[in-house]
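run07.pdb, holding PDB, C-alpha atoms (C1' of nucleotides):
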```
MODEL        1
ATOM      1  CA  MET A   1      11.252   6.920  -7.166
ATOM      2  CA  GLU A   2      13.256   7.271  -4.048
ATOM      3  CA  SER A   3      12.490   4.498  -1.640
ATOM      4  CA  SER A   4      13.465   0.872  -1.847
ATOM      5  CA  PHE A   5       9.881   0.016  -1.023
ATOM      6  CA  ALA A   6       8.607   1.725  -4.134
ATOM      7  CA  ILE A   7      11.115  -0.169  -6.233
ATOM      8  CA  ILE A   8       9.973  -3.591  -5.110
ATOM      9  CA  ALA A   9       6.335  -2.617  -5.422
ATOM     10  CA  GLU A  10       6.598  -3.576  -9.075
ATOM     11  CA  PRO A  11       5.933  -7.308  -9.622
ATOM     12  CA  ASN A  12       8.259  -7.675 -12.597
ATOM     13  CA  ARG A  13      11.076  -6.142 -10.649
ATOM     14  CA  ARG A  14      10.495  -8.528  -7.797
ATOM     15  CA  THR A  15      10.630 -11.398 -10.248
ATOM     16  CA  ILE A  16      13.900 -10.145 -11.669
ATOM     17  CA  LEU A  17      15.348  -9.854  -8.199
ATOM     18  CA  SER A  18      14.268 -13.364  -7.322
ATOM     19  CA  LEU A  19      15.869 -14.631 -10.465
ATOM     20  CA  LEU A  20      19.090 -12.870  -9.651
ATOM     21  CA  ALA A  21      19.015 -14.284  -6.165
ATOM     22  CA  SER A  22      19.934 -17.712  -7.489
ATOM     23  CA  SER A  23      22.727 -16.433  -9.694
ATOM     24  CA  GLU A  24      23.864 -13.520 -11.806
ATOM     25  CA  ARG A  25      22.426 -13.276 -15.314
ATOM     26  CA  SER A  26      22.774 -11.340 -18.511
ATOM     27  CA  VAL A  27      19.917  -9.231 -19.806
ATOM     28  CA  GLY A  28      19.182 -11.780 -22.508
ATOM     29  CA  GLU A  29      18.861 -14.596 -20.004
ATOM     30  CA  ILE A  30      16.402 -12.613 -17.951
ATOM     31  CA  GLU A  31      14.492 -11.692 -21.044
ATOM     32  CA  ARG A  32      14.079 -15.323 -22.062
ATOM     33  CA  ARG A  33      13.376 -16.713 -18.625
ATOM     34  CA  LEU A  34      10.708 -14.196 -17.833
ATOM     35  CA  ARG A  35       9.305 -13.936 -21.349
ATOM     36  CA  MET A  36       9.350 -10.192 -21.146
ATOM     37  CA  PRO A  37      10.286  -7.775 -23.931
ATOM     38  CA  GLN A  38      13.933  -6.784 -23.827
ATOM     39  CA  THR A  39      13.281  -3.090 -23.610
ATOM     40  CA  SER A  40      11.085  -3.674 -20.622
ATOM     41  CA  VAL A  41      13.745  -5.739 -18.890
ATOM     42  CA  SER A  42      16.332  -3.068 -19.574
ATOM     43  CA  LYS A  43      14.125  -0.397 -18.139
ATOM     44  CA  HIS A  44      13.478  -2.284 -14.956
ATOM     45  CA  LEU A  45      17.140  -3.081 -14.647
ATOM     46  CA  ARG A  46      17.900   0.574 -14.963
ATOM     47  CA  VAL A  47      15.579   1.390 -12.123
ATOM     48  CA  LEU A  48      17.052  -1.400 -10.029
ATOM     49  CA  ARG A  49      20.552  -0.273 -10.841
ATOM     50  CA  GLU A  50      19.952   3.345  -9.973
ATOM     51  CA  ALA A  51      18.388   2.294  -6.699
ATOM     52  CA  GLY A  52      21.387   0.115  -5.867
ATOM     53  CA  PHE A  53      19.615  -3.239  -6.007
ATOM     54  CA  VAL A  54      21.883  -4.561  -8.743
ATOM     55  CA  VAL A  55      25.142  -3.799 -10.472
ATOM     56  CA  ALA A  56      26.139  -4.544 -14.032
ATOM     57  CA  ARG A  57      29.451  -5.902 -15.102
ATOM     58  CA  VAL A  58      30.251  -5.386 -18.767
ATOM     59  CA  GLU A  59      31.347  -8.555 -20.483
ATOM     60  CA  ALA A  60      31.932  -7.944 -24.173
ATOM     61  CA  GLN A  61      28.551  -7.100 -25.669
ATOM     62  CA  ARG A  62      26.590  -8.311 -22.694
ATOM     63  CA  ARG A  63      25.953  -6.869 -19.297
ATOM     64  CA  VAL A  64      25.817  -9.327 -16.488
ATOM     65  CA  TYR A  65      23.735  -8.216 -13.577
ATOM     66  CA  ARG A  66      24.180  -9.307 -10.008
ATOM     67  CA  LEU A  67      22.417  -8.537  -6.786
ATOM     68  CA  ARG A  68      23.509  -6.087  -4.132
ATOM     69  CA  PRO A  69      22.166  -6.713  -0.676
ATOM     70  CA  GLU A  70      21.996  -3.225   0.824
ATOM     71  CA  PRO A  71      18.563  -1.989  -0.280
ATOM     72  CA  LEU A  72      16.853  -5.207   0.709
ATOM     73  CA  MET A  73      18.617  -5.112   4.033
ATOM     74  CA  GLU A  74      17.036  -1.742   4.522
ATOM     75  CA  VAL A  75      13.599  -3.216   3.944
ATOM     76  CA  ASP A  76      14.449  -6.030   6.296
ATOM     77  CA  ALA A  77      15.470  -3.522   8.930
ATOM     78  CA  TRP A  78      12.177  -1.678   8.664
ATOM     79  CA  LEU A  79      10.386  -4.959   9.107
ATOM     80  CA  ALA A  80      12.245  -5.912  12.258
ATOM     81  CA  PRO A  81      10.020  -4.195  14.848
ATOM     82  CA  PHE A  82       6.950  -5.836  13.376
ATOM     83  CA  ARG A  83       8.493  -9.259  13.510
ATOM     84  CA  ARG A  84       8.477  -9.143  17.281
ATOM     85  CA  PHE A  85       4.825  -8.201  17.000
ATOM     86  CA  TRP A  86       3.636 -11.216  15.070
ATOM     87  CA  THR A  87       5.593 -13.850  16.914
ATOM     88  CA  ALA A  88       3.680 -12.621  19.944
ATOM     89  CA  HIS A  89       0.469 -13.154  18.019
ATOM     90  CA  VAL A  90       1.349 -16.694  17.121
ATOM     91  CA  ASP A  91       1.926 -17.355  20.784
ATOM     92  CA  ALA A  92      -1.444 -15.877  21.605
ATOM     93  CA  LEU A  93      -3.071 -18.048  18.997
ATOM     94  CA  GLU A  94      -1.459 -21.125  20.434
ATOM     95  CA  ARG A  95      -2.607 -20.264  23.922
ATOM     96  CA  HIS A  96      -6.069 -19.688  22.556
ATOM     97  CA  LEU A  97      -6.150 -23.082  20.845
ATOM     98  CA  ASP A  98      -4.849 -24.758  23.968
ATOM     99  CA  ARG A  99      -7.598 -23.203  25.969
ATOM    100  CA  MET A 100     -10.233 -24.254  23.476
ATOM    101  CA  GLU A 101      -9.046 -27.798  23.461
ATOM    102  CA  LYS A 102      -9.082 -28.010  27.225
ATOM    103  CA  THR A 103     -12.578 -26.661  27.654
ATOM    104  CA  SER A 104     -14.026 -28.749  24.850
ATOM    105  CA  ARG A 105     -12.440 -31.889  26.221
ATOM    106  CA  LYS A 106     -13.885 -31.452  29.667
ATOM    107  CA  GLY A 107     -17.427 -30.910  28.774
ATOM    108  CA  LYS A 108     -18.693 -27.804  27.120
ATOM    109  CA  LYS A 109     -20.065 -27.849  23.589
ATOM    110  CA  ARG A 110     -22.903 -26.405  21.567
TER     111      ARG A 110
ATOM    112  CA  MET B   1      -4.009  -2.220  -5.327
ATOM    113  CA  GLU B   2      -3.356  -5.875  -4.960
ATOM    114  CA  SER B   3       0.003  -6.627  -3.439
ATOM    115  CA  SER B   4       1.212  -5.973   0.065
ATOM    116  CA  PHE B   5       4.347  -4.519  -1.444
ATOM    117  CA  ALA B   6       2.408  -1.821  -3.225
ATOM    118  CA  ILE B   7       0.649  -0.939   0.007
ATOM    119  CA  ILE B   8       3.809  -0.285   1.955
ATOM    120  CA  ALA B   9       5.358   1.599  -0.930
ATOM    121  CA  GLU B  10       3.596   4.669   0.385
ATOM    122  CA  PRO B  11       5.650   6.506   3.030
ATOM    123  CA  ASN B  12       2.679   7.785   5.007
ATOM    124  CA  ARG B  13       1.265   4.309   5.247
ATOM    125  CA  ARG B  14       4.551   2.990   6.524
ATOM    126  CA  THR B  15       4.550   5.704   9.146
ATOM    127  CA  ILE B  16       1.042   4.791  10.191
ATOM    128  CA  LEU B  17       2.000   1.146  10.457
ATOM    129  CA  SER B  18       5.047   1.982  12.552
ATOM    130  CA  LEU B  19       2.896   4.072  14.827
ATOM    131  CA  LEU B  20       0.430   1.227  15.223
ATOM    132  CA  ALA B  21       3.258  -1.157  15.974
ATOM    133  CA  SER B  22       3.728   0.402  19.385
ATOM    134  CA  SER B  23       0.039   0.381  20.236
ATOM    135  CA  GLU B  24      -3.419   0.710  18.779
ATOM    136  CA  ARG B  25      -4.712   4.205  18.074
ATOM    137  CA  SER B  26      -7.798   6.085  17.051
ATOM    138  CA  VAL B  27      -7.906   8.013  13.798
ATOM    139  CA  GLY B  28      -7.677  11.300  15.658
ATOM    140  CA  GLU B  29      -4.544  10.233  17.488
ATOM    141  CA  ILE B  30      -2.863   9.294  14.252
ATOM    142  CA  GLU B  31      -3.971  12.522  12.676
ATOM    143  CA  ARG B  32      -2.409  14.571  15.448
ATOM    144  CA  ARG B  33       0.759  12.548  15.833
ATOM    145  CA  LEU B  34       1.566  12.602  12.160
ATOM    146  CA  ARG B  35       0.241  16.091  11.462
ATOM    147  CA  MET B  36      -1.632  14.841   8.469
ATOM    148  CA  PRO B  37      -5.113  15.911   7.345
ATOM    149  CA  GLN B  38      -7.848  13.671   8.698
ATOM    150  CA  THR B  39      -9.262  12.744   5.343
ATOM    151  CA  SER B  40      -5.876  11.615   4.189
ATOM    152  CA  VAL B  41      -5.407   9.466   7.273
ATOM    153  CA  SER B  42      -8.821   7.919   6.785
ATOM    154  CA  LYS B  43      -8.070   7.033   3.210
ATOM    155  CA  HIS B  44      -4.774   5.427   3.988
ATOM    156  CA  LEU B  45      -6.422   3.508   6.767
ATOM    157  CA  ARG B  46      -9.026   2.331   4.330
ATOM    158  CA  VAL B  47      -6.354   1.011   2.007
ATOM    159  CA  LEU B  48      -4.555  -0.653   4.884
ATOM    160  CA  ARG B  49      -7.786  -2.135   6.145
ATOM    161  CA  GLU B  50      -8.833  -3.544   2.797
ATOM    162  CA  ALA B  51      -5.409  -5.072   2.377
ATOM    163  CA  GLY B  52      -5.618  -6.672   5.797
ATOM    164  CA  PHE B  53      -2.832  -4.697   7.447
ATOM    165  CA  VAL B  54      -5.128  -3.306  10.114
ATOM    166  CA  VAL B  55      -8.564  -3.805  11.620
ATOM    167  CA  ALA B  56     -10.842  -1.238  13.162
ATOM    168  CA  ARG B  57     -12.816  -1.670  16.310
ATOM    169  CA  VAL B  58     -15.727   0.717  16.706
ATOM    170  CA  GLU B  59     -15.765   2.471  20.030
ATOM    171  CA  ALA B  60     -18.606   4.991  20.166
ATOM    172  CA  GLN B  61     -17.766   7.653  17.574
ATOM    173  CA  ARG B  62     -14.180   6.597  17.244
ATOM    174  CA  ARG B  63     -12.570   3.769  15.407
ATOM    175  CA  VAL B  64      -9.554   2.287  17.036
ATOM    176  CA  TYR B  65      -7.156   0.676  14.617
ATOM    177  CA  ARG B  66      -4.780  -2.118  15.386
ATOM    178  CA  LEU B  67      -2.234  -4.038  13.416
ATOM    179  CA  ARG B  68      -2.658  -7.435  11.828
ATOM    180  CA  PRO B  69       0.511  -9.365  11.144
ATOM    181  CA  GLU B  70      -0.352 -11.433   8.088
ATOM    182  CA  PRO B  71       0.476  -9.111   5.188
ATOM    183  CA  LEU B  72       3.805  -8.117   6.652
ATOM    184  CA  MET B  73       4.611 -11.753   7.245
ATOM    185  CA  GLU B  74       4.100 -12.242   3.560
ATOM    186  CA  VAL B  75       6.648  -9.560   2.784
ATOM    187  CA  ASP B  76       8.975 -11.121   5.282
ATOM    188  CA  ALA B  77       8.577 -14.461   3.577
ATOM    189  CA  TRP B  78       9.489 -13.025   0.195
ATOM    190  CA  LEU B  79      12.560 -11.526   1.741
ATOM    191  CA  ALA B  80      13.755 -14.777   3.249
ATOM    192  CA  PRO B  81      15.747 -16.143   0.283
ATOM    193  CA  PHE B  82      17.633 -12.882  -0.021
ATOM    194  CA  ARG B  83      18.528 -12.882   3.623
ATOM    195  CA  ARG B  84      20.610 -15.977   3.121
ATOM    196  CA  PHE B  85      22.249 -14.079   0.297
ATOM    197  CA  TRP B  86      23.508 -11.177   2.303
ATOM    198  CA  THR B  87      24.558 -13.078   5.380
ATOM    199  CA  ALA B  88      26.660 -15.142   2.986
ATOM    200  CA  HIS B  89      28.253 -11.925   1.867
ATOM    201  CA  VAL B  90      29.097 -10.928   5.380
ATOM    202  CA  ASP B  91      30.539 -14.391   5.974
ATOM    203  CA  ALA B  92      32.640 -14.107   2.858
ATOM    204  CA  LEU B  93      33.951 -10.809   4.045
ATOM    205  CA  GLU B  94      34.830 -12.254   7.403
ATOM    206  CA  ARG B  95      36.623 -15.205   5.857
ATOM    207  CA  HIS B  96      38.464 -12.825   3.628
ATOM    208  CA  LEU B  97      39.616 -10.756   6.568
ATOM    209  CA  ASP B  98      40.634 -13.862   8.470
ATOM    210  CA  ARG B  99      42.711 -15.014   5.576
ATOM    211  CA  MET B 100      44.401 -11.682   5.234
ATOM    212  CA  GLU B 101      45.285 -11.606   8.870
ATOM    213  CA  LYS B 102      46.689 -15.118   8.865
ATOM    214  CA  THR B 103      48.823 -14.701   5.786
ATOM    215  CA  SER B 104      50.177 -11.421   6.975
ATOM    216  CA  ARG B 105      51.045 -12.871  10.369
ATOM    217  CA  LYS B 106      52.765 -16.068   9.203
ATOM    218  CA  GLY B 107      53.015 -18.660   6.446
ATOM    219  CA  LYS B 108      49.999 -20.033   4.690
ATOM    220  CA  LYS B 109      47.904 -23.117   4.787
ATOM    221  CA  ARG B 110      44.996 -24.697   2.965
TER     222      ARG B 110
ATOM    223  C1'  DC C   1     -34.112  17.113  20.312
ATOM    224  C1'  DG C   2     -30.201  19.511  18.270
ATOM    225  C1'  DG C   3     -25.392  20.806  17.913
ATOM    226  C1'  DG C   4     -21.035  19.318  17.440
ATOM    227  C1'  DA C   5     -17.214  15.946  17.483
ATOM    228  C1'  DA C   6     -15.101  11.900  15.095
ATOM    229  C1'  DT C   7     -14.689   9.611  10.971
ATOM    230  C1'  DA C   8     -15.880   8.208   6.282
ATOM    231  C1'  DT C   9     -16.864   9.030   1.394
ATOM    232  C1'  DG C  10     -17.023  11.366  -3.215
ATOM    233  C1'  DA C  11     -15.345  14.269  -7.015
ATOM    234  C1'  DA C  12     -11.754  16.839  -9.291
ATOM    235  C1'  DC C  13      -6.983  17.357 -10.160
ATOM    236  C1'  DG C  14      -2.096  16.858 -10.736
ATOM    237  C1'  DA C  15       1.855  13.800 -10.543
ATOM    238  C1'  DC C  16       4.003   9.825 -11.600
ATOM    239  C1'  DT C  17       4.945   5.455 -13.976
ATOM    240  C1'  DA C  18       4.771   1.227 -16.665
ATOM    241  C1'  DG C  19       4.392  -0.413 -21.221
ATOM    242  C1'  DG C  20       4.851  -0.071 -26.211
ATOM    243  C1'  DT C  21       7.217   1.286 -30.400
ATOM    244  C1'  DA C  22      10.924   2.994 -32.586
ATOM    245  C1'  DT C  23      15.614   4.034 -32.602
ATOM    246  C1'  DA C  24      20.370   4.617 -31.061
ATOM    247  C1'  DT C  25      24.846   2.841 -29.262
ATOM    248  C1'  DG C  26      28.327  -0.476 -28.683
ATOM    249  C1'  DC C  27      30.754  -4.757 -29.435
ATOM    250  C1'  DT C  28      32.397  -8.876 -32.181
ATOM    251  C1'  DC C  29      33.726 -11.334 -36.033
ATOM    252  C1'  DT C  30      34.750 -11.869 -40.681
TER     253       DT C  30
ATOM    254  C1'  DA D   1      34.737  -1.620 -42.714
ATOM    255  C1'  DG D   2      30.179  -3.664 -42.543
ATOM    256  C1'  DA D   3      26.733  -7.091 -40.818
ATOM    257  C1'  DG D   4      24.450  -8.506 -36.930
ATOM    258  C1'  DC D   5      23.512  -9.228 -32.191
ATOM    259  C1'  DA D   6      22.997  -7.315 -27.268
ATOM    260  C1'  DT D   7      21.509  -3.626 -24.715
ATOM    261  C1'  DA D   8      20.108   1.073 -23.761
ATOM    262  C1'  DT D   9      17.319   5.303 -24.433
ATOM    263  C1'  DA D  10      13.405   8.679 -26.129
ATOM    264  C1'  DC D  11       8.901   9.589 -26.659
ATOM    265  C1'  DC D  12       4.043   8.922 -26.077
ATOM    266  C1'  DT D  13      -0.083   7.207 -23.935
ATOM    267  C1'  DA D  14      -3.144   5.272 -20.558
ATOM    268  C1'  DG D  15      -3.925   4.243 -16.112
ATOM    269  C1'  DT D  16      -3.201   4.692 -11.127
ATOM    270  C1'  DC D  17      -2.518   7.035  -6.794
ATOM    271  C1'  DG D  18      -2.311  10.646  -3.297
ATOM    272  C1'  DT D  19      -4.089  15.014  -1.942
ATOM    273  C1'  DT D  20      -7.590  18.537  -1.251
ATOM    274  C1'  DC D  21     -12.209  20.371  -0.719
ATOM    275  C1'  DA D  22     -16.855  19.553   0.168
ATOM    276  C1'  DT D  23     -20.230  16.760   2.187
ATOM    277  C1'  DA D  24     -22.350  12.703   4.525
ATOM    278  C1'  DT D  25     -22.934   9.652   8.625
ATOM    279  C1'  DT D  26     -22.896   8.305  13.268
ATOM    280  C1'  DC D  27     -22.724   9.028  17.981
ATOM    281  C1'  DC D  28     -22.305  11.811  22.373
ATOM    282  C1'  DC D  29     -24.267  15.052  25.602
ATOM    283  C1'  DG D  30     -26.574  19.030  27.436
TER     284       DG D  30
ENDMDL
END
```
Here is a file; write its structure as C-alpha cells.
Amino acid sequence: MESSFAIIAEPNRRTILSLLASSERSVGEIERRLRMPQTSVSKHLRVLREAGFVVARVEAQRRVYRLRPEPLMEVDAWLAPFRRFWTAHVDALERHLDRMEKTSRKGKKR
Amino acid sequence: MESSFAIIAEPNRRTILSLLASSERSVGEIERRLRMPQTSVSKHLRVLREAGFVVARVEAQRRVYRLRPEPLMEVDAWLAPFRRFWTAHVDALERHLDRMEKTSRKGKKR
DNA sequence: CGGGAATATGAACGACTAGGTATATGCTCT
DNA sequence: AGAGCATATACCTAGTCGTTCATATTCCCG
C-alpha cells in the first residue's frame, strides 16, 4: 500500500479527506456525516494515518483527526508537468474555435 | 475501474503517462523504454484508453498513443481545495518565523 | 502470396484489499 | 470498581487487478 496514489484511489478515503479539509473531526463525527460503519471509518483512518495523510490527537476518549499536507503535495507535484500540457490544449482549442468562427462568418457552410 | 484516481494508482501506468507527456509514442517504443513486456504495456494502454487518458492513432501496423488532458484535469480539480490548505500552512509558518524574528530583535506589537 | 513484425486479446493464477462481524482496549463518570 | 461510550484490531470472505503464457489479427514487403 505504498504510494499516495493508491491511498486516494479509494472513494471513501477521498471523502474522508475532503471532510477533513474543512476542519478537523473526531471519528464519531466522520462516522455520522458519512453514514459509514465505525469500524470501516477507523480502518480507513488507519490507512490514512500510516500513509501520513492525517494525524490523530488524543482528546480524552476521542481521537481528533486532522489533515497533513505532505502526501497530497506529492500528488500535486506529480501532476505539475501535465498541467503545462493541458493549458496548451485549451489554447489550441480556442485557436481552433476562432478559426471556425472566422471561416463560417465569411462564407463557407454545408 | 471507474475513477481516474484508481487508474493512476498503478505505478506502471503513471510511468507510461509521464513518458507520453513528453511526446506521443508507439507501443513498441514504450515497451523498450520501460523494459516491460509488450502484453503488459498493451493492457495498461487499454485501461488508459478506456478511461480517456490516452487515444491511439493507427499508423500502418503501429498504434501511436498520445495523451488526453481531461481525466488528469479532474484529479487536479479534486486537489484544488487542499492546495489552499497547504499554502495556508506555509503562510502560517512564515508568519510564525516573522514574529519570532521581530520579538527577538526588539519589543513587541500587535 | 506468404512470412514476419507490431499489437491486441483471452485464460489461468496469485496477490492484495475492502467490507463485515465480532471482539478488545481505553477513558470517563458516578 | 463497574457501566457505558469511543475507537481500534483480528479474522474471514469475495472480488478485483496485474502479470504471464499462448494465440489471434492486421499490415508491410519481398
Residues within 12 Å of Glu59 of chain A, all atoms listed in the file, excluding chain neighbours under 4 positions, as a PyMOL selection string: (chain A and resi 25-27+63-65) or (chain C and resi 26-28) or (chain D and resi 6-7)
At most 9 Å to chain C: residues in chain B, all atoms listed in the file, as a list in words: Val27, Gly28, Gln38, Thr39, Ser42, Lys43, Gln61, Arg62 and Arg63 of chain B
Computed interatomic separation between atom CA of Leu17 of chain B and atom CA of Phe53 of chain A (Å):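 Between these atoms lies a distance of 24.5 Å.
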Quick one: what's the axis-aligned box for segment 8-26 of chain D, all listed atoms, 5 Å on every side, centre and edges in Å to one decimal, as JSON?
```
{"center_x": -1.4, "center_y": 10.7, "center_z": -6.7, "size_x": 53.0, "size_y": 29.3, "size_z": 49.9}
```
Expected selection from the PyMOL selection byres ((chain B) within 12 of (chain A)), given as a ChimeraX atom specification: /B:1-11,13-15,17-23,53,66-90
I need the chosen residues saved as a compact mmCIF listing (two decimals), in the coordinates of the input, with C-alpha atoms.
```txt
# COMPACT_ATOMS: atom_id res chain seq x y z
CA MET B 1 -4.01 -2.22 -5.33
CA GLU B 2 -3.36 -5.88 -4.96
CA SER B 3 0.00 -6.63 -3.44
CA SER B 4 1.21 -5.97 0.06
CA PHE B 5 4.35 -4.52 -1.44
CA ALA B 6 2.41 -1.82 -3.22
CA ILE B 7 0.65 -0.94 0.01
CA ILE B 8 3.81 -0.28 1.96
CA ALA B 9 5.36 1.60 -0.93
CA GLU B 10 3.60 4.67 0.38
CA PRO B 11 5.65 6.51 3.03
CA ARG B 13 1.26 4.31 5.25
CA ARG B 14 4.55 2.99 6.52
CA THR B 15 4.55 5.70 9.15
CA LEU B 17 2.00 1.15 10.46
CA SER B 18 5.05 1.98 12.55
CA LEU B 19 2.90 4.07 14.83
CA LEU B 20 0.43 1.23 15.22
CA ALA B 21 3.26 -1.16 15.97
CA SER B 22 3.73 0.40 19.39
CA SER B 23 0.04 0.38 20.24
CA PHE B 53 -2.83 -4.70 7.45
CA ARG B 66 -4.78 -2.12 15.39
CA LEU B 67 -2.23 -4.04 13.42
CA ARG B 68 -2.66 -7.44 11.83
CA PRO B 69 0.51 -9.36 11.14
CA GLU B 70 -0.35 -11.43 8.09
CA PRO B 71 0.48 -9.11 5.19
CA LEU B 72 3.80 -8.12 6.65
CA MET B 73 4.61 -11.75 7.24
CA GLU B 74 4.10 -12.24 3.56
CA VAL B 75 6.65 -9.56 2.78
CA ASP B 76 8.98 -11.12 5.28
CA ALA B 77 8.58 -14.46 3.58
CA TRP B 78 9.49 -13.02 0.20
CA LEU B 79 12.56 -11.53 1.74
CA ALA B 80 13.76 -14.78 3.25
CA PRO B 81 15.75 -16.14 0.28
CA PHE B 82 17.63 -12.88 -0.02
CA ARG B 83 18.53 -12.88 3.62
CA ARG B 84 20.61 -15.98 3.12
CA PHE B 85 22.25 -14.08 0.30
CA TRP B 86 23.51 -11.18 2.30
CA THR B 87 24.56 -13.08 5.38
CA ALA B 88 26.66 -15.14 2.99
CA HIS B 89 28.25 -11.92 1.87
CA VAL B 90 29.10 -10.93 5.38
```
Interatomic distance, atom CA of Ser40 of chain B to atom CA of Ile16 of chain B (Å, one decimal):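 Interatomic distance, atom CA of Ser40 of chain B to atom CA of Ile16 of chain B: 11.4 Å.
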Coordinates-based distance that separates atom CA of Arg49 of chain A from atom C1' of DC17 of chain D (Å, one decimal): 24.5 Å
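The residues caught by the PyMOL selection byres ((chain D) within 9 of (chain B)) in this file are DG18, DT19, DT20, DT26, DC27 and DC28 of chain D.
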Output segment 68-80 of chain B as a tab-separated table (two decimals), keeping the file's coordinate frame, making sure N, CA and C atoms are there.
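Okay, out.tsv is ready:
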```
chain	number	residue	atom	x	y	z
B	68	ARG	N	-2.56	-5.99	12.04
B	68	ARG	CA	-2.66	-7.44	11.83
B	68	ARG	C	-1.37	-7.89	11.16
B	69	PRO	N	-0.84	-8.98	11.58
B	69	PRO	CA	0.51	-9.36	11.14
B	69	PRO	C	0.59	-9.97	9.75
B	70	GLU	N	-0.45	-10.61	9.29
B	70	GLU	CA	-0.35	-11.43	8.09
B	70	GLU	C	0.34	-10.79	6.88
B	71	PRO	N	-0.12	-9.64	6.43
B	71	PRO	CA	0.48	-9.11	5.19
B	71	PRO	C	1.97	-8.83	5.33
B	72	LEU	N	2.38	-8.38	6.47
B	72	LEU	CA	3.80	-8.12	6.65
B	72	LEU	C	4.60	-9.41	6.73
B	73	MET	N	3.96	-10.45	7.23
B	73	MET	CA	4.61	-11.75	7.24
B	73	MET	C	4.88	-12.21	5.82
B	74	GLU	N	3.95	-11.89	4.97
B	74	GLU	CA	4.10	-12.24	3.56
B	74	GLU	C	5.33	-11.56	2.96
B	75	VAL	N	5.48	-10.30	3.25
B	75	VAL	CA	6.65	-9.56	2.78
B	75	VAL	C	7.91	-10.20	3.34
B	76	ASP	N	7.85	-10.49	4.62
B	76	ASP	CA	8.98	-11.12	5.28
B	76	ASP	C	9.35	-12.43	4.60
B	77	ALA	N	8.33	-13.17	4.22
B	77	ALA	CA	8.58	-14.46	3.58
B	77	ALA	C	9.27	-14.28	2.23
B	78	TRP	N	8.85	-13.28	1.48
B	78	TRP	CA	9.49	-13.02	0.20
B	78	TRP	C	10.94	-12.66	0.38
B	79	LEU	N	11.21	-12.00	1.47
B	79	LEU	CA	12.56	-11.53	1.74
B	79	LEU	C	13.51	-12.65	2.15
B	80	ALA	N	12.95	-13.71	2.65
B	80	ALA	CA	13.76	-14.78	3.25
B	80	ALA	C	14.91	-15.26	2.37
```
